[in-house]
Amino acid sequence: MSGNTSELESPIRPLLLVGNPNVGKSVLFGLLSGKYAMVSNYPGTTVEMSRSHVRLEGQKYDLIDTPGANSLLPNSEDEQVTARMVLENPEAIVLQVADAKNIARALMLTVQLAELEMPMVLALNMWDEAKDLHLSIDYLGLAERLGVRVVRTVATEKRGFTAVKHALGKAGIARMAVTYPEAIEQAVSRIQAKLGTNGRGSRGRALMILGGASGPLESLNAEDRQDILEIRRKTQIQFGEPLGYIISQTRFNYLGQLLEPIVGRPEVEQAGGSATRLAKTRILLAIITFLVGYKLADMVLGITPLQNRLGSLGYYLLLAGPGLLCSWAYQRFIRNPYFRQANSFSELLGLLTMRVRTAAPLVIITLWLLYLLVGKFAAGICVDFLENTVFGAYINPGLMYVVKLGVSEQSLVYKILFDPEAGLISVGLTYSVAIVLPIVGFFFLAFGLLEDSGYFPRLAMMLDKVFKRMGLSGKAALPMVLGLGCATMATLTTRVLETKKQRTIAILLLALAVPCSAQLGVIAGVLGRVSGGAFVLYVAVIGTQLLLVGYLAAKILPGPAPQLILEIPPFRVPQLGNVLTKTGYRLVWFLKEAVPLFLLGTLILFVLMRLGILAQLEQAAAPVVSGMLGLPEDTAKGFLMGFLRRDYAVVSIFNTYRQQAMGQDQILVALVVITLFVPCIANFFVMIKEKGIKIAFLMLAFIVPFAVLVGTALRGVLILYRSIFTGVN
Amino acid sequence: MELRERQIEELLEKAWLSWEDNGVLAEEDFLRRCNAEETPEPIKALENLGLLKKSEGQLKFTAEGRRRAELVIRRHRLAERLLRDVLQVHSQSFEPSACEFEHCLDSEVTQSVCTLLGHPTTCPHGKPIPPGPCCKAAAKDVQPVVMSLRDLPVGQEARLAYISSASHKHLDQLTSAGLLPGVNIHVHQRSPAFVINVGQSSLALDEQIVSGIYVRPLGTFQEREYYGRGRGARQRRRRRGLFGTA
């Protein structure tokens, strides 16, 4: 025992970050711990908890970031995690992070913390946004009323952060005494008696139980638990509405009175509409919309032989027509008073992305920019440079030289490393670092920008009707989009969906038709080299398959119809710093996760090749691969490797294409099959974990033949199309 | 002994509640609810009046008894709604008043109240209100004071009156997202999905859920203001289907 521990306080105190979803808990966690936690502009980013030991003003804390919760009466698995963390750490300090704009909602949580008698500090985050809205909050008055420290913060700009650190040392229990209807009060005191004498926060626990939570019951013996449930049942009979609802309503009315003198709203609404009147915005929109019209016309007319007939100048002039038309129509549209509400460009974007007619062009622009960035720039320029210059001219020859000093060129070790078809360095490392890494890196960057803007929940809302056809609610768009990042991770996040049916369909579709970022990046890169039309066709084919299978699954599987309840965060201009950090972390994760698998795959390939098994496998698969799909026989190798890493398959096909062994149509067919084909091994394991071995294999048994069938059909259509066009010319 | 009309109604109400909670008219439960001092033998009294009968050892309403009980319950629960949603009487004080109302509303007034409220189906406690003839004939020609959020014009400010949802889960989700009786909300858009604004947050909701949310519109709404005024405003209003409000 050292002298230090003789102090009254225990050396390490848990410090819980609690708050409503999407209020910036993770940003604050990052600031306090110096560690990075995934931060995005949509609710539900923190699925698992981050924790870290920190020392703030001399006190050591065990800092824990909890998933966003609107209430400690858990409605979803996230909220359950948060409720449990609070219950299991009664000696903890709570740092409640609140969205200053939505202070009433935040205080609903504060009431519950007060009833649980948790010492706390309240951080009113996003103070800048509240100020922009001309909301006046008397935070000192609030602090006095509640008897706890209230700190204003803007976490993303690191403002108010020192004050938070300082306030933590003086955390206290909030003074909020809500009186519930008589019957509930009686039930509370009876349950409190059952919960025993060590009852700090027993009132809060009792109310949680009445509201329907089972968490506080876990530590009790069976008899007490029965008694308490009986009390709850009897109390419920006296009300027609659920007790939880009545409790919330009482709290809400209480807060209404509490906040009356504290929150002031501007008397006069701000004269809106500056955004649409800003010359900058108007010119920007005109240019963008012109380009959209232009590009759309190009995509439609580009596949016809019109370009050759008119000559390039005539063709470009022709395209300018639809461009101008598009620009004019959009300008007229934007003059609608609805859009005049917007006061800034990001607010305008927020409004634009919520209407089908205005959002559709934005989706096209986004996809097009993505294609330019990932397909043209990353997969073209960056890959060429890395592969031919960095690896081709320096790293590989250098390593070869070093290794040759030790072993001869004929030895097995040298072959394993530098075999031109399956060497660990010449193929495995080169593929993963020189080809996949830059593509994935730029994809992550673009994805991060979209993520932080708050665009995805809008997309989810927009797609709700379409998703309903697939038996899913729009909310399922979030795991789907996340699936574009990593299907394995996305399969886990299907937990946000409410029903079993929705989860099954989402998991199936993720495994079948959603390419993961590495794969999508490489595909965009490959198709970027082929043609823009091919990319559009690819998206169309995969999209229709997604809809078709989803539609059928929704018909077959039993279960209730999905319902949409989704919060839409405000549109924000992404912070480059956060996006870059996030991309960096994702790239590190990719390197750790993917490169070893690439190397393992290459090694397996090398062994199979050496033993002659590969040739046999290719032969066995020949009727399907070359007979049905019309692809070169050695693409079978790619399909096989696809099970290890989805992107591996694409790179290997890409290489065959570059060696001129495949035509444009062939590569399109190959990519469609690869996308639909088996999920990668990690994804498959998660499927087993989530849905059981039987359903996972059933899904697999459906996916593999289906992929081949779609590929065959696509090949047929392409052959037909070509024959018609060559006939015309 | 002779019972007063009021006492009969009280007894019928208790019989109905007992039947509603238990699924059957259990003698014991019914007796427990009755105040023994006021009416010593309630079952016998009602049987004598031809409102209850015993068949195969099971207590039941007669047709007449059921009709009258339904009317009492209907008046009581409509009164609760009226007091709470329209007159904004909160806390416990509306309950005793509703008890008084149930005895004094005549059928015409009951119908007017029901129409005024937009033929509600549940009382503020979530229990069903037996429908009357006016509910069956309910047409949309009267603008109710309380209306479904689905019918609220885009942009119109309104106060949430009550939520009727079949699913506790949805109710909890809505509650924790800040949708509670008393908050001010407005519909931001109807298509492709409903988006409603509560305070400073936006919530995308299904049409089905939106239909179960009832609101009291605030102030007189001038569509013109929301869609702009001056030159072209009329054209725009005509075209507003284009902007998803049709």
# chains A, B, ... in the order shown; residues from 1 in each chain; ligands from 1
>>> interface_residues(of="chain A", to="chain B", cutoff="8 Å", atoms="only C-alpha atoms", output="PyMOL selection string")
chain A and resi 70-71+75+101-102+105+181+237+239-242+244-245+248-249+252-253+336-338+355-356+461-465+563-570
>>> residues_around(residues="A:Val23", least_positions_apart="6", cutoff="9 Å", atoms="only C-alpha atoms", output="ChimeraX atom specification")
/A:43,68,97-100,125-126
>>> residues_around(residues="B:Glu47", least_positions_apart="2", cutoff="12 Å", atoms="only C-alpha atoms", output="PyMOL selection string")
chain B and resi 8+11-12+41-45+49-55+59-62+64-65
>>> residues_around(residues="B:Val215", least_positions_apart="6", cutoff="10 Å", atoms="only C-alpha atoms", output="mmCIF file with C-alpha atoms, in the first residue's frame")
data_model
loop_
_atom_site.group_PDB
_atom_site.id
_atom_site.type_symbol
_atom_site.label_atom_id
_atom_site.label_comp_id
_atom_site.auth_asym_id
_atom_site.auth_seq_id
_atom_site.Cartn_x
_atom_site.Cartn_y
_atom_site.Cartn_z
ATOM 1 C CA ASP B 85 -57.986 17.449 -25.538
ATOM 2 C CA VAL B 145 -60.912 20.291 -33.541
ATOM 3 C CA VAL B 146 -58.651 17.318 -33.091
ATOM 4 C CA MET B 147 -57.449 15.768 -36.306
ATOM 5 C CA SER B 148 -55.102 13.109 -37.495
ATOM 6 C CA LEU B 149 -51.642 14.401 -38.256
ATOM 7 C CA ARG B 150 -52.036 12.807 -41.649
ATOM 8 C CA ASP B 151 -54.666 15.353 -42.610
ATOM 9 C CA LEU B 152 -52.741 18.343 -41.302
ATOM 10 C CA GLU B 157 -48.213 24.340 -36.587
ATOM 11 C CA ALA B 158 -50.151 22.020 -34.289
ATOM 12 C CA ARG B 159 -50.085 20.670 -30.763
ATOM 13 C CA LEU B 160 -49.965 16.968 -30.224
ATOM 14 C CA ALA B 161 -53.154 15.797 -28.524
ATOM 15 C CA TYR B 162 -52.744 12.065 -28.222
ATOM 16 C CA ILE B 163 -51.203 9.081 -29.905
ATOM 17 C CA PRO B 181 -48.857 15.141 -25.870
ATOM 18 C CA GLY B 182 -48.355 18.873 -25.570
ATOM 19 C CA VAL B 183 -45.422 19.337 -27.923
ATOM 20 C CA ASN B 184 -45.727 21.572 -30.955
ATOM 21 C CA ILE B 185 -45.116 19.854 -34.253
ATOM 22 C CA HIS B 186 -45.580 20.431 -37.928
#
>>> select_by_dssp(residues="stretch 73-288 of chain A", states="helix (DSSP H, G or I)", output="NGL selection string")
:A and (77-88 or 100-115 or 127-132 or 139-146 or 155-157 or 161-168 or 182-195 or 202-211 or 215-217 or 222-237 or 243-259 or 274-277 or 279-288)
>>> select_by_dssp(residues="stretch 28-157 of chain A", states="strand (DSSP E)", output="ChimeraX atom specification")
/A:50-56,59-65,93-99,120-125,136-137,150-152
>>> residues_around(residues="stretch 667-683 of chain A", least_positions_apart="6", cutoff="7 Å", atoms="only C-alpha atoms", output="ChimeraX atom specification")
/A:487-488,511-513,515,538,639,642-646,650,657,700,703-704,707-708,711,714-715
>>> write_last_selection(atoms="C-alpha atoms", output="compact mmCIF listing (two decimals), in the first residue's frame")
# COMPACT_ATOMS: atom_id res chain seq x y z
CA ALA A 487 -20.70 -6.48 -45.32
CA THR A 488 -19.45 -8.22 -42.20
CA ALA A 511 -24.55 -11.33 -48.68
CA LEU A 512 -25.99 -11.42 -52.17
CA ALA A 513 -26.02 -8.07 -53.81
CA PRO A 515 -20.51 -5.28 -52.77
CA TYR A 538 -23.42 -2.91 -63.72
CA PHE A 639 -14.11 -17.01 -58.09
CA GLY A 642 -13.45 -14.54 -53.83
CA PHE A 643 -14.48 -16.58 -50.86
CA LEU A 644 -11.40 -15.45 -48.95
CA ARG A 645 -11.61 -11.81 -49.90
CA ARG A 646 -14.22 -10.43 -52.25
CA VAL A 650 -12.01 -8.72 -58.70
CA TYR A 657 -8.65 -8.30 -68.50
CA LEU A 700 -25.44 -19.89 -49.60
CA ILE A 703 -26.83 -17.42 -53.75
CA VAL A 704 -24.31 -19.48 -55.75
CA ALA A 707 -25.32 -15.68 -59.33
CA VAL A 708 -24.43 -18.02 -62.17
CA GLY A 711 -24.50 -14.01 -65.23
CA LEU A 714 -26.69 -11.07 -68.80
CA ARG A 715 -24.33 -12.67 -71.28
>>> atom_distance(atom1="atom CA of A:Ile395", atom2="atom CA of A:Gly528")
26.9 Å
>>> residues_around(residues="B:Asp106", least_positions_apart="3", cutoff="12 Å", atoms="only C-alpha atoms", output="ChimeraX atom specification")
/B:71-72,74-76,101-103,109-113
>>> write_last_selection(atoms="N, CA and C atoms", output="short mmCIF file (atom, residue, chain, number, x, y, z; two decimals), in the first residue's frame")
data_model
loop_
_atom_site.label_atom_id
_atom_site.label_comp_id
_atom_site.auth_asym_id
_atom_site.auth_seq_id
_atom_site.Cartn_x
_atom_site.Cartn_y
_atom_site.Cartn_z
N LEU B 71 -73.87 3.16 -23.66
CA LEU B 71 -74.11 4.60 -23.74
C LEU B 71 -73.42 5.33 -22.58
N VAL B 72 -73.50 4.74 -21.39
CA VAL B 72 -72.87 5.39 -20.24
C VAL B 72 -71.36 5.50 -20.46
N ARG B 74 -69.73 5.34 -23.21
CA ARG B 74 -69.45 6.23 -24.33
C ARG B 74 -69.46 7.69 -23.87
N ARG B 75 -70.46 8.06 -23.08
CA ARG B 75 -70.54 9.44 -22.61
C ARG B 75 -69.35 9.77 -21.70
N HIS B 76 -69.04 8.83 -20.85
CA HIS B 76 -67.94 9.06 -19.91
C HIS B 76 -66.62 9.30 -20.65
N PHE B 101 -70.32 14.29 -16.02
CA PHE B 101 -70.82 14.47 -17.39
C PHE B 101 -71.60 13.26 -17.88
N GLU B 102 -71.15 12.09 -17.49
CA GLU B 102 -71.74 10.89 -18.07
C GLU B 102 -73.23 10.78 -17.75
N HIS B 103 -73.65 11.49 -16.69
CA HIS B 103 -75.06 11.38 -16.33
C HIS B 103 -75.91 12.48 -16.94
N VAL B 109 -76.40 16.02 -27.49
CA VAL B 109 -75.14 16.65 -27.08
C VAL B 109 -73.99 15.65 -27.25
N THR B 110 -74.24 14.40 -26.87
CA THR B 110 -73.21 13.38 -27.01
C THR B 110 -72.73 13.31 -28.45
N GLN B 111 -73.72 13.32 -29.35
CA GLN B 111 -73.36 13.24 -30.76
C GLN B 111 -72.52 14.44 -31.21
N SER B 112 -72.91 15.61 -30.75
CA SER B 112 -72.17 16.82 -31.14
C SER B 112 -70.74 16.74 -30.61
N VAL B 113 -70.60 16.29 -29.36
CA VAL B 113 -69.27 16.18 -28.79
C VAL B 113 -68.43 15.22 -29.60
#
